[in-house]
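Here is the file work-v2.cif (mmCIF, C-alpha atoms (C1' of nucleotides)).
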```cif
data_start
loop_
_atom_site.label_atom_id
_atom_site.label_comp_id
_atom_site.auth_asym_id
_atom_site.auth_seq_id
_atom_site.Cartn_x
_atom_site.Cartn_y
_atom_site.Cartn_z
CA MET B 168 12.81 17.90 -34.74
CA ALA B 169 11.91 14.42 -35.87
CA PRO B 170 9.93 12.28 -33.44
CA PRO B 171 11.38 8.88 -32.62
CA LYS B 172 9.94 6.07 -34.67
CA LYS B 173 7.27 4.12 -32.89
CA THR B 174 8.11 0.47 -32.33
CA LYS B 175 6.24 -2.04 -30.26
CA ALA B 176 9.42 -3.53 -28.84
CA MET B 177 10.95 -0.70 -26.84
CA GLY B 178 14.41 -2.27 -26.62
CA LEU B 179 17.67 -0.82 -25.39
CA ASP B 180 18.70 0.29 -28.89
CA TYR B 181 15.55 2.28 -29.25
CA GLU B 182 16.01 3.90 -25.83
CA GLN B 183 19.61 4.79 -26.64
CA GLN B 184 18.55 6.22 -29.97
CA ARG B 185 15.80 8.22 -28.25
CA GLN B 186 18.18 9.64 -25.66
CA GLU B 187 20.62 10.62 -28.38
CA ASN B 188 17.85 12.32 -30.32
CA ILE B 189 16.78 14.23 -27.22
CA LYS B 190 20.36 15.25 -26.52
CA ARG B 191 20.93 16.39 -30.10
CA ASN B 192 17.68 18.34 -30.18
CA ARG B 193 18.50 20.04 -26.89
CA GLU B 194 21.85 21.14 -28.24
CA ARG B 195 20.21 22.59 -31.34
CA ILE B 196 17.59 24.42 -29.28
CA ALA B 197 20.22 25.76 -26.91
CA SER B 198 22.19 27.04 -29.86
CA ILE B 199 19.15 28.77 -31.39
CA LEU B 200 18.14 30.30 -28.06
CA HIS B 201 21.64 31.51 -27.48
CA GLN B 202 21.66 33.23 -30.87
CA LYS B 203 18.32 34.80 -30.01
CA SER B 204 19.49 36.12 -26.64
CA GLN B 205 22.69 37.43 -28.21
CA LEU B 206 20.66 39.29 -30.82
CA ALA B 207 18.34 40.75 -28.19
CA SER B 208 21.21 42.10 -26.15
CA LEU B 209 22.94 43.43 -29.24
CA LEU B 210 19.98 45.11 -30.84
CA SER B 211 18.25 46.62 -27.82
CA PRO B 212 20.64 49.24 -26.50
CA PRO B 213 21.27 52.02 -29.01
CA LYS B 214 24.13 54.43 -28.60
CA ALA B 215 23.46 56.48 -25.49
CA ASN B 216 24.03 59.88 -27.10
CA LYS B 217 21.50 59.11 -29.82
CA ASN B 218 18.81 57.94 -27.47
CA PRO B 219 16.46 60.68 -26.29
CA ILE B 220 15.60 58.54 -23.29
CA ASN B 221 19.04 58.97 -21.86
CA LYS B 222 19.44 62.68 -22.35
CA ARG B 223 19.18 63.76 -18.75
CA THR B 224 22.65 62.96 -17.68
CA LYS B 225 23.23 65.89 -15.31
CA LYS B 226 20.89 64.59 -12.65
CA PRO B 227 22.60 63.47 -9.49
CA ASN B 228 20.99 60.04 -9.70
CA PRO B 229 23.33 57.12 -10.29
CA PRO B 230 23.93 56.63 -14.03
CA LEU B 231 21.50 54.25 -15.66
CA THR B 232 22.37 51.70 -18.25
CA THR B 233 20.08 51.65 -21.26
CA LEU B 234 19.36 47.99 -20.70
CA ARG B 235 18.42 47.37 -17.10
CA ARG B 236 19.94 44.30 -15.58
CA SER B 237 20.31 43.00 -12.08
CA LEU B 238 23.40 44.03 -10.17
CA ARG B 239 24.35 40.41 -9.82
CA SER B 240 24.23 39.82 -13.57
CA ARG B 241 26.47 42.85 -14.04
CA GLY B 242 28.97 41.44 -11.60
CA LEU B 243 28.35 44.27 -9.14
CA PRO B 244 27.98 43.93 -5.39
CA PRO B 245 24.51 44.16 -3.84
CA PRO B 246 23.35 47.61 -2.73
CA ASP B 247 24.21 48.57 0.81
CA SER B 248 21.39 47.71 3.16
CA THR B 249 21.51 51.20 4.67
CA SER B 250 20.96 52.84 1.30
CA THR B 251 17.73 51.11 0.40
CA SER B 252 14.99 53.36 -0.83
CA THR B 253 12.20 54.58 1.41
CA ARG B 254 9.66 52.24 -0.12
CA THR B 255 11.69 49.24 0.93
CA SER B 256 10.06 47.79 4.00
CA PRO B 257 12.09 46.30 6.87
CA SER B 258 10.79 42.88 5.85
CA PHE B 259 12.16 43.17 2.32
CA PRO B 260 13.86 39.83 1.75
CA ARG B 261 17.58 39.62 1.48
CA VAL B 262 18.79 39.03 -2.08
CA PRO B 263 21.26 36.20 -2.31
CA THR B 264 24.64 37.24 -3.62
CA GLY B 265 27.29 35.60 -5.76
CA GLN B 266 26.44 32.15 -6.98
CA PHE B 267 23.24 30.89 -5.41
CA SER B 268 20.70 28.15 -5.83
CA PHE B 269 16.99 28.43 -6.42
CA THR B 270 16.52 27.53 -2.76
CA ASP B 271 18.41 30.67 -1.72
CA ALA B 272 16.07 32.81 -3.80
CA PHE B 273 12.92 31.14 -2.44
CA VAL B 274 11.26 33.69 -0.19
CA ASP B 275 8.14 31.91 1.07
CA SER B 276 8.07 29.88 4.23
CA GLY B 277 7.82 26.15 3.66
CA SER B 278 9.17 24.42 0.60
CA TYR B 279 8.89 24.67 -3.16
CA ARG B 280 9.27 20.92 -3.43
CA PRO B 281 5.64 20.45 -4.61
CA LEU B 282 6.46 22.66 -7.58
CA VAL B 283 9.56 20.62 -8.42
CA GLU B 284 7.65 17.36 -8.19
CA THR B 285 4.84 18.68 -10.36
CA THR B 286 7.10 20.06 -13.05
CA CYS B 287 9.25 16.91 -13.05
CA TRP B 288 6.29 14.64 -13.47
CA ALA B 289 4.30 16.77 -15.87
CA GLY B 290 7.38 17.94 -17.77
CA GLU B 291 8.58 14.43 -18.44
CA ARG B 292 5.16 13.40 -19.64
CA THR B 293 5.13 16.37 -21.99
CA GLU B 294 8.59 15.52 -23.25
CA LEU B 295 7.83 11.85 -23.78
CA ARG B 296 4.68 12.50 -25.74
CA ASN B 297 6.51 14.67 -28.27
CA ILE B 298 3.60 17.04 -28.29
CA LYS B 299 2.17 18.86 -31.23
CA LYS B 300 -0.16 21.70 -30.46
CA GLU B 301 -3.73 20.49 -30.38
CA VAL B 302 -5.36 23.53 -31.88
CA ASP B 303 -9.08 23.51 -32.18
CA LEU B 304 -9.90 25.94 -34.95
CA SER B 305 -13.46 26.14 -33.80
CA LEU B 306 -12.60 28.01 -30.59
CA ASP B 307 -14.27 31.40 -30.53
CA ALA B 308 -12.24 33.30 -27.95
CA ARG B 309 -14.76 36.15 -27.99
CA VAL B 310 -17.44 34.10 -26.30
CA GLU B 311 -15.80 30.94 -24.97
CA LEU B 312 -13.24 32.31 -22.53
CA ARG B 313 -14.24 32.75 -18.92
CA LEU B 314 -12.51 34.07 -15.84
CA LYS B 315 -13.37 32.07 -12.75
CA LYS B 316 -13.03 33.49 -9.27
CA GLU B 317 -10.46 30.87 -8.27
CA ASN B 318 -8.32 31.73 -11.28
CA VAL B 319 -7.36 35.15 -9.94
CA ARG B 320 -4.30 35.34 -7.78
CA LYS B 321 -2.27 38.09 -6.23
CA VAL B 322 1.23 36.76 -6.74
CA VAL B 323 3.65 39.63 -6.13
CA GLY B 324 3.65 43.10 -4.64
CA GLU B 325 4.49 45.51 -7.40
CA ARG B 326 3.41 45.42 -10.99
CA ILE B 327 4.10 42.40 -13.15
CA MET B 328 6.22 43.14 -16.20
CA VAL B 329 6.15 39.78 -17.94
CA VAL B 330 4.21 36.51 -17.84
CA SER B 331 4.87 33.13 -19.37
CA PHE B 332 3.52 29.59 -19.16
CA LEU B 333 5.68 26.65 -18.30
CA PRO B 334 5.53 24.43 -21.41
CA VAL B 335 3.80 21.60 -19.59
CA LEU B 336 0.98 19.74 -21.27
CA SER B 337 -1.28 18.82 -18.41
CA ARG B 338 -1.17 21.86 -16.14
CA SER B 339 -1.40 25.62 -16.17
CA ILE B 340 1.69 26.89 -14.40
CA VAL B 341 2.25 30.60 -14.89
CA ILE B 342 5.53 32.38 -14.22
CA SER B 343 5.44 36.10 -13.63
CA GLY B 344 8.26 38.55 -13.14
CA ASN B 345 7.69 41.92 -11.54
CA LYS B 346 9.22 45.36 -11.28
CA GLN B 347 11.15 44.60 -8.11
CA GLY B 348 12.75 41.41 -9.42
CA TYR B 349 10.39 38.85 -7.93
CA LEU B 350 9.37 35.68 -9.71
CA GLY B 351 5.92 34.43 -8.80
CA ILE B 352 5.25 30.91 -10.05
CA TRP B 353 1.59 29.96 -9.80
CA ASP B 354 0.37 26.43 -10.34
CA ALA B 355 -3.27 27.21 -10.97
CA ASP B 356 -4.23 23.51 -10.93
CA ARG B 357 -2.73 22.98 -7.49
CA ASN B 358 -4.62 26.06 -6.37
CA ARG B 359 -7.83 24.32 -7.33
CA GLU B 360 -6.85 20.87 -6.09
CA ASP B 361 -6.05 21.56 -2.50
CA GLY B 362 -5.72 25.26 -1.80
CA GLU B 363 -4.12 24.45 1.51
CA GLY B 364 -0.79 24.49 3.29
CA VAL B 365 2.14 26.70 2.67
CA SER B 366 2.22 26.40 -1.09
CA ASP B 367 -1.38 27.00 -2.08
CA GLY B 368 -0.12 26.75 -5.63
CA LEU B 369 2.03 29.87 -5.33
CA PHE B 370 5.81 29.84 -5.12
CA LYS B 371 7.67 33.11 -4.78
CA PHE B 372 11.34 33.70 -5.56
CA PHE B 373 13.48 36.82 -5.40
CA PRO B 374 16.48 36.25 -7.65
CA HIS B 375 16.86 39.81 -9.02
CA ARG B 376 16.99 43.31 -7.64
CA SER B 377 15.69 45.00 -10.82
CA PRO B 378 12.66 44.55 -13.06
CA VAL B 379 12.35 41.17 -14.75
CA SER B 380 12.32 41.96 -18.44
CA GLY B 381 11.98 38.49 -19.90
CA ILE B 382 11.36 34.87 -19.05
CA SER B 383 12.37 31.97 -21.25
CA VAL B 384 12.04 28.31 -20.45
CA HIS B 385 14.05 25.54 -22.00
CA PRO B 386 11.50 23.93 -24.33
CA SER B 387 12.57 20.38 -23.57
CA SER B 388 13.43 20.76 -19.91
CA VAL B 389 10.85 22.73 -17.99
CA ARG B 390 12.91 22.84 -14.82
CA LYS B 391 15.36 25.30 -16.36
CA VAL B 392 14.17 28.85 -16.71
CA LYS B 393 16.96 29.86 -19.03
CA SER B 394 19.38 28.34 -21.46
CA PHE B 395 22.90 29.19 -22.43
CA ASP B 396 25.23 27.55 -24.89
CA GLU B 397 28.66 27.96 -23.39
CA ARG B 398 30.41 26.67 -26.49
CA ALA B 399 29.71 29.83 -28.46
CA GLY B 400 31.15 32.40 -26.09
CA LYS B 401 31.43 35.22 -28.58
CA ILE B 402 29.35 37.74 -30.44
CA ILE B 403 28.50 36.46 -33.88
CA TYR B 404 26.69 39.39 -35.45
CA GLU B 405 26.25 43.05 -34.65
CA TRP B 406 23.93 45.26 -36.66
CA GLU B 407 22.37 48.66 -36.25
CA LEU B 408 18.88 48.02 -37.50
CA HIS B 409 17.00 51.04 -36.15
CA GLU B 410 17.62 54.69 -35.34
CA GLN B 411 16.18 54.35 -31.86
CA ARG B 412 15.50 51.71 -29.27
CA VAL B 413 14.47 48.25 -30.46
CA ASN B 414 11.48 47.14 -28.41
CA THR B 415 10.93 43.58 -29.61
CA ILE B 416 12.63 40.96 -31.73
CA ASP B 417 10.57 38.00 -32.92
CA PHE B 418 11.66 34.95 -34.89
CA HIS B 419 9.51 33.45 -37.63
CA PRO B 420 8.02 30.23 -36.20
CA GLU B 421 9.03 28.11 -39.21
CA ASN B 422 12.00 29.94 -40.68
CA SER B 423 14.52 31.04 -38.07
CA ASN B 424 16.29 33.20 -40.68
CA LEU B 425 13.43 35.67 -40.59
CA ILE B 426 13.05 38.15 -37.75
CA ALA B 427 10.71 41.05 -37.14
CA THR B 428 11.87 44.04 -35.10
CA SER B 429 9.84 46.89 -33.65
CA SER B 430 11.34 50.16 -32.58
CA SER B 431 10.70 53.55 -31.03
CA ASP B 432 11.76 55.03 -34.37
CA ASN B 433 8.17 54.27 -35.55
CA PHE B 434 9.18 51.35 -37.80
CA VAL B 435 8.59 47.65 -37.95
CA ARG B 436 11.18 45.91 -40.07
CA ILE B 437 11.40 42.34 -41.30
CA TRP B 438 14.87 40.96 -41.90
CA ASP B 439 16.41 37.93 -43.52
CA LEU B 440 19.41 37.07 -41.35
CA ARG B 441 21.18 35.46 -44.30
CA CYS B 442 21.45 38.71 -46.20
CA ILE B 443 21.91 41.64 -43.84
CA ASP B 444 24.67 43.94 -44.97
CA LYS B 445 26.79 44.98 -42.00
CA ASP B 446 27.30 48.59 -43.09
CA LYS B 447 23.91 49.27 -44.62
CA PRO B 448 21.35 46.77 -43.39
CA LYS B 449 18.40 46.49 -45.76
CA SER B 450 15.19 44.98 -44.50
CA ILE B 451 12.98 42.88 -46.74
CA ARG B 452 9.93 44.82 -45.55
CA GLU B 453 9.39 48.05 -43.67
CA VAL B 454 6.15 49.13 -42.04
CA SER B 455 5.73 52.69 -40.83
CA HIS B 456 3.67 53.81 -37.85
CA ASN B 457 3.09 57.40 -36.75
CA ARG B 458 4.59 56.89 -33.31
CA ALA B 459 6.77 54.42 -31.43
CA VAL B 460 6.08 50.74 -32.08
CA HIS B 461 6.18 48.60 -28.97
CA SER B 462 5.81 45.14 -30.44
CA ALA B 463 5.78 43.14 -33.66
CA TYR B 464 5.03 39.43 -33.51
CA PHE B 465 4.72 36.71 -36.15
CA SER B 466 1.46 34.77 -36.14
CA PRO B 467 1.49 31.06 -35.20
CA THR B 468 1.82 30.05 -38.87
CA GLY B 469 4.22 32.89 -39.63
CA ASN B 470 1.97 34.21 -42.40
CA SER B 471 1.15 37.49 -40.65
CA ILE B 472 2.71 40.01 -38.32
CA VAL B 473 0.89 42.14 -35.78
CA SER B 474 2.42 45.36 -34.52
CA THR B 475 1.23 47.64 -31.71
CA SER B 476 2.04 51.34 -31.64
CA LEU B 477 1.51 54.42 -29.52
CA ASP B 478 -0.20 55.93 -32.56
CA ASP B 479 -3.29 54.06 -31.29
CA THR B 480 -3.30 51.41 -33.98
CA VAL B 481 -2.76 47.70 -34.24
CA ARG B 482 -1.49 46.82 -37.68
CA ILE B 483 -1.48 43.46 -39.41
CA GLN B 484 0.85 42.71 -42.29
CA SER B 485 0.09 39.64 -44.36
CA GLY B 486 0.67 38.17 -47.79
CA PRO B 487 3.66 36.28 -49.25
CA GLN B 488 5.96 39.28 -48.70
CA PHE B 489 3.93 40.83 -45.88
CA GLU B 490 2.82 43.45 -48.38
CA TYR B 491 -0.84 43.69 -47.37
CA SER B 492 -1.64 45.99 -44.51
CA SER B 493 -4.67 46.15 -42.29
CA ILE B 494 -5.12 48.78 -39.59
CA ILE B 495 -7.28 48.52 -36.48
CA VAL B 496 -7.77 51.55 -34.26
CA HIS B 497 -7.11 50.74 -30.61
CA ASN B 498 -6.47 52.90 -27.54
CA ASN B 499 -2.88 52.16 -26.53
CA GLN B 500 -2.34 55.14 -24.21
CA THR B 501 -1.43 53.45 -20.97
CA GLY B 502 0.22 56.38 -19.27
CA ARG B 503 3.16 56.25 -16.97
CA TRP B 504 2.38 53.53 -14.46
CA LEU B 505 1.30 50.76 -16.79
CA SER B 506 3.33 48.61 -19.13
CA LYS B 507 2.81 49.41 -22.79
CA PHE B 508 0.17 47.31 -24.53
CA ARG B 509 1.42 44.63 -26.92
CA ALA B 510 -1.01 42.63 -29.03
CA ILE B 511 -0.24 38.91 -28.98
CA TRP B 512 -1.63 36.19 -31.22
CA GLY B 513 -4.13 33.60 -30.06
CA TRP B 514 -3.68 29.91 -30.84
CA ASN B 515 -4.15 30.44 -34.55
CA ASP B 516 -3.89 33.25 -37.08
CA SER B 517 -7.47 34.41 -36.77
CA TYR B 518 -7.42 36.52 -33.62
CA MET B 519 -5.26 38.43 -31.14
CA PHE B 520 -5.37 39.57 -27.53
CA ILE B 521 -4.50 43.02 -26.21
CA GLY B 522 -5.19 45.02 -23.04
CA ASN B 523 -8.07 47.42 -22.71
CA MET B 524 -7.99 50.47 -20.40
CA GLN B 525 -11.49 49.60 -19.14
CA ARG B 526 -10.19 46.53 -17.28
CA ALA B 527 -10.95 44.14 -20.10
CA VAL B 528 -9.16 41.86 -22.54
CA ASP B 529 -9.73 42.88 -26.14
CA VAL B 530 -10.03 40.10 -28.68
CA ILE B 531 -9.36 41.37 -32.18
CA SER B 532 -10.71 39.21 -34.97
CA ILE B 533 -8.60 39.25 -38.14
CA GLU B 534 -11.45 38.28 -40.40
CA ASP B 535 -13.64 41.30 -39.73
CA ASN B 536 -11.28 43.57 -37.72
CA ILE B 537 -13.86 43.71 -34.95
CA THR B 538 -12.63 44.18 -31.39
CA THR B 539 -14.58 42.37 -28.68
CA PRO B 540 -13.83 43.10 -25.02
CA LEU B 541 -13.82 40.19 -22.57
CA ARG B 542 -15.00 41.42 -19.20
CA SER B 543 -15.30 39.85 -15.80
CA GLU B 544 -16.36 41.02 -12.37
CA TYR B 545 -13.17 39.43 -11.05
CA MET B 546 -10.94 41.54 -13.27
CA THR B 547 -9.90 44.40 -10.99
CA ASN B 548 -6.79 45.52 -12.88
CA ILE B 549 -6.01 46.68 -16.38
CA PRO B 550 -4.39 43.66 -18.05
CA CYS B 551 -1.13 44.74 -19.66
CA VAL B 552 0.89 41.60 -20.29
CA PHE B 553 -0.37 38.33 -21.73
CA ALA B 554 0.70 34.76 -22.44
CA THR B 555 -1.04 31.87 -24.17
CA HIS B 556 -0.56 28.31 -22.97
CA PRO B 557 1.64 26.54 -25.53
CA TYR B 558 -0.44 23.34 -25.45
CA LYS B 559 -3.77 24.09 -23.82
CA GLU B 560 -5.85 26.14 -26.19
CA GLY B 561 -8.14 28.52 -24.35
CA HIS B 562 -5.80 29.01 -21.40
CA LEU B 563 -4.83 32.66 -21.44
CA ALA B 564 -2.82 34.29 -18.66
CA CYS B 565 -2.75 38.03 -18.17
CA ALA B 566 -1.44 40.33 -15.49
CA GLY B 567 -2.25 43.76 -14.17
CA GLY B 568 -0.57 45.22 -11.12
CA GLY B 569 0.65 42.32 -9.02
CA LYS B 570 -2.25 40.04 -9.94
CA LEU B 571 -2.43 37.13 -12.34
CA TYR B 572 -5.61 36.15 -14.16
CA LEU B 573 -6.10 32.83 -15.90
CA TRP B 574 -8.88 32.82 -18.48
CA THR B 575 -10.01 29.37 -19.51
CA LYS B 576 -12.24 27.76 -22.10
CA MET B 577 -15.78 27.19 -20.88
"C1'" DG L 84 21.27 68.76 -31.63
"C1'" DT L 85 20.18 68.45 -27.00
"C1'" DA L 86 18.98 69.63 -22.14
"C1'" DG L 87 15.21 69.89 -19.52
"C1'" DC L 88 10.30 70.56 -18.51
"C1'" DT L 89 5.39 68.89 -18.82
"C1'" DC L 90 1.91 65.69 -19.27
"C1'" DT L 91 -0.28 61.25 -19.30
"C1'" DT L 92 -1.91 57.47 -15.70
"C1'" DA L 93 -3.13 52.85 -12.13
"C1'" DG L 94 -2.07 50.39 -8.17
"C1'" DT L 95 -0.37 49.95 -3.55
"C1'" DC L 96 0.12 51.24 0.97
"C1'" DG L 97 -0.62 53.85 5.15
"C1'" DT L 98 -3.75 56.44 7.90
"C1'" DA C 247 -12.37 55.94 1.99
"C1'" DC C 248 -8.94 58.82 0.88
"C1'" DG C 249 -4.54 60.68 -0.17
"C1'" DA C 250 0.43 60.14 -0.78
"C1'" DC C 251 3.63 57.96 -3.39
"C1'" DT C 252 5.74 55.85 -7.47
"C1'" DC C 253 10.14 58.98 -9.68
"C1'" DC C 254 14.45 53.36 -13.70
"C1'" DA C 255 8.25 55.69 -19.16
"C1'" DG C 256 8.38 58.00 -22.73
"C1'" DA C 257 6.68 61.33 -26.10
"C1'" DG C 258 6.27 66.09 -27.28
"C1'" DC C 259 7.53 70.54 -26.77
"C1'" DT C 260 10.52 74.78 -25.83
"C1'" DA C 261 14.70 77.17 -25.24
"C1'" DC C 262 19.27 77.55 -26.10
#
```

Can I see the file as structure tokens?
Amino acid sequence: MAPPKKTKAMGLDYEQQRQENIKRNRERIASILHQKSQLASLLSPPKANKNPINKRTKKPNPPLTTLRRSLRSRGLPPPDSTSTSTRTSPSFPRVPTGQFSFTDAFVDSGSYRPLVETTCWAGERTELRNIKKEVDLSLDARVELRLKKENVRKVVGERIMVVSFLPVLSRSIVISGNKQGYLGIWDADRNREDGEGVSDGLFKFFPHRSPVSGISVHPSSVRKVKSFDERAGKIIYEWELHEQRVNTIDFHPENSNLIATSSSDNFVRIWDLRCIDKDKPKSIREVSHNRAVHSAYFSPTGNSIVSTSLDDTVRIQSGPQFEYSSIIVHNNQTGRWLSKFRAIWGWNDSYMFIGNMQRAVDVISIEDNITTPLRSEYMTNIPCVFATHPYKEGHLACAGGGKLYLWTKM
DNA sequence: GTAGCTCTTAGTCGT
DNA sequence: ACGACTCCAGAGCTAC
């Protein structure tokens, strides 16, 4: 999106023009995000009878959908309070039903107003500055990242499934979603600033009754945690791109026609959305692993793709047509109670982050394929899920169990 | 082809 | 400190 032209005289015309630009850009982003969410929901659930995961249908347990969603989002009533499972404590907060506000889902005592004020102020500053990522190519993540004691925070009870940063320039605000459906929003800067009162930088919400599988934030309005374009209320495309479950879908950062999919059928496939045949989809590139692939992500420039598989490898595809392959051996056996490892890119194309079963963060350098573990005495969990701050290079969030860890540049 | 069993494994909570 | 519990993870294998 084009930044507004800089003029010394910030007159009314300029302000109107700026507001129109913002509005137009928001509509475009909403449209793109909506397409993305539609694709995710279309591609993820394979036909139940073909999916080995869903074979045990004779069990007396209630039938499970292949894609787990909250009862509320499925339009179903909340579970009866008398039928809660044994692990549910008497103090388990009540889940708001029907249409509810963020206030209804807030489960801490006190108020989340400090969070709103912070995100308003910082979000507007971020928006006004029309930020470009300030990437310092000299950062060596293998030696320059540190975990400070105050940057460790227990945010929720059960294990965190997904973490994300709020796209705010000046602060590190981490959102985490856990297995029970909690959202823990941690303003690590507030934690350091005052560390007092009810907030203490942590704000807990309970909007879902099932695991949180994804968090997306409106890029130009940080106070929304999702986006939906109501104008396009229909399914645009429907393809069967893999034999088994699709684990991730990632858009090329520069060319939104290109997507990379990873699947439990052992394949990574790269697709050009402009030329996918409905009956016989043909990918522009196919990468084969020996076991299920749990992620495939484009690098920040879009020139490479990293995939993570249960065959204990991390594979990098690069080159003009992603034809060059590089394989790094990495232990990805997380067992039953941990989320599957997924390598994510750092702030440039030269390195990646992935969990390590010895309670460390592995940094994999692309140049020499050397894996360097980042360790800390404060790291008491195995980090499974990661997020990089979109603006602050060197700010890396990871989660293990119900704890969040914020690594920062020295 | 598919139903069903086995095995892997960390974190939390209660005692 | 220790043990029970998680049971909606998912791959691999066997039996039918």

What are the residues of chain C lining chain B at 10 Å or less? Count only C-alpha atoms (C1' of nucleotides), and put the answer as a ChimeraX atom specification. /C:251-252,254-257

Picked residues, the PyMOL selection byres ((chain L) within 8 of (chain B)), expected as a list of chain:residue names: L:DT85, L:DA86, L:DG87, L:DT91, L:DT92, L:DA93, L:DG94, L:DT95

Quick one: residues within 12 Å of DC248 of chain C, all atoms listed in the file counted, chain neighbours fewer than 2 positions away excluded, as an NGL selection string? (:L and (96-98)) or (:C and (250))

Residues just named, written with C-alpha atoms (C1' of nucleotides) as a PDB file, keeping the file's coordinate frame:
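Saved to selection_23.pdb:
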```pdb
ATOM      1  C1'  DC L  96       0.120  51.240   0.970  1.00  0.00           C
ATOM      2  C1'  DG L  97      -0.620  53.850   5.150  1.00  0.00           C
ATOM      3  C1'  DT L  98      -3.750  56.440   7.900  1.00  0.00           C
TER       4       DT L  98
ATOM      5  C1'  DA C 250       0.430  60.140  -0.780  1.00  0.00           C
TER       6       DA C 250
END
```

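For the file shown, the residue list from the PyMOL selection byres ((chain B and resi 410) around 7) reads His409, Gln411 and Asp432 of chain B.
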
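Here atom CA of Glu421 of chain B and atom CA of Ala566 of chain B stand 28.7 Å from one another.
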
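Here atom CA of Ile495 of chain B stands at a distance of 5.1 Å from atom CA of Val481 of chain B.
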
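Across the structure, atom CA of Ile472 of chain B and atom CA of His419 of chain B are spaced 9.5 Å apart.
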
Padding 8 Å on every side, please: axis-aligned box over the listed atoms of segment 423-438 of chain B, centre and edge lengths to one decimal in Å, as lines of an AutoDock Vina configuration file.
```
center_x = 12.2
center_y = 43.0
center_z = -36.5
size_x = 24.1
size_y = 40.0
size_z = 26.9
```

List the residues matched by the PyMOL selection byres ((chain B and resi 514) around 7) in the displayed structure as an MDAnalysis selection string, ordered by chain and then by residue number. chainID B and resid 302 467 512:513 515 560

Take segment 480-492 of chain B, bring it up to N, CA and C atoms, and give me the output as a PDB file, in the frame of the given file.
```pdb
ATOM      1  N   THR B 480      -2.890  52.397 -32.982  1.00  0.00           N
ATOM      2  CA  THR B 480      -3.300  51.410 -33.980  1.00  0.00           C
ATOM      3  C   THR B 480      -2.650  50.071 -33.688  1.00  0.00           C
ATOM      4  N   VAL B 481      -3.333  49.038 -34.159  1.00  0.00           N
ATOM      5  CA  VAL B 481      -2.760  47.700 -34.240  1.00  0.00           C
ATOM      6  C   VAL B 481      -2.757  47.367 -35.715  1.00  0.00           C
ATOM      7  N   ARG B 482      -1.600  46.999 -36.243  1.00  0.00           N
ATOM      8  CA  ARG B 482      -1.490  46.820 -37.680  1.00  0.00           C
ATOM      9  C   ARG B 482      -1.119  45.377 -38.003  1.00  0.00           C
ATOM     10  N   ILE B 483      -1.779  44.828 -39.006  1.00  0.00           N
ATOM     11  CA  ILE B 483      -1.480  43.460 -39.410  1.00  0.00           C
ATOM     12  C   ILE B 483      -0.914  43.470 -40.817  1.00  0.00           C
ATOM     13  N   GLN B 484       0.242  42.864 -40.976  1.00  0.00           N
ATOM     14  CA  GLN B 484       0.850  42.710 -42.290  1.00  0.00           C
ATOM     15  C   GLN B 484       0.705  41.248 -42.692  1.00  0.00           C
ATOM     16  N   SER B 485       0.229  41.023 -43.902  1.00  0.00           N
ATOM     17  CA  SER B 485       0.090  39.640 -44.360  1.00  0.00           C
ATOM     18  C   SER B 485       0.432  39.571 -45.847  1.00  0.00           C
ATOM     19  N   GLY B 486       0.304  38.377 -46.392  1.00  0.00           N
ATOM     20  CA  GLY B 486       0.670  38.170 -47.790  1.00  0.00           C
ATOM     21  C   GLY B 486       2.037  37.516 -47.887  1.00  0.00           C
ATOM     22  N   PRO B 487       2.398  37.013 -49.071  1.00  0.00           N
ATOM     23  CA  PRO B 487       3.660  36.280 -49.250  1.00  0.00           C
ATOM     24  C   PRO B 487       4.886  37.091 -48.822  1.00  0.00           C
ATOM     25  N   GLN B 488       4.850  38.401 -49.073  1.00  0.00           N
ATOM     26  CA  GLN B 488       5.960  39.280 -48.700  1.00  0.00           C
ATOM     27  C   GLN B 488       5.529  40.288 -47.637  1.00  0.00           C
ATOM     28  N   PHE B 489       4.482  39.942 -46.915  1.00  0.00           N
ATOM     29  CA  PHE B 489       3.930  40.830 -45.880  1.00  0.00           C
ATOM     30  C   PHE B 489       3.580  42.198 -46.454  1.00  0.00           C
ATOM     31  N   GLU B 490       3.072  42.176 -47.709  1.00  0.00           N
ATOM     32  CA  GLU B 490       2.820  43.450 -48.380  1.00  0.00           C
ATOM     33  C   GLU B 490       1.436  44.021 -48.123  1.00  0.00           C
ATOM     34  N   TYR B 491       0.515  43.198 -47.590  1.00  0.00           N
ATOM     35  CA  TYR B 491      -0.840  43.690 -47.370  1.00  0.00           C
ATOM     36  C   TYR B 491      -0.979  44.175 -45.940  1.00  0.00           C
ATOM     37  N   SER B 492      -1.566  45.360 -45.819  1.00  0.00           N
ATOM     38  CA  SER B 492      -1.640  45.990 -44.510  1.00  0.00           C
ATOM     39  C   SER B 492      -3.093  46.171 -44.086  1.00  0.00           C
TER      40      SER B 492
END
```
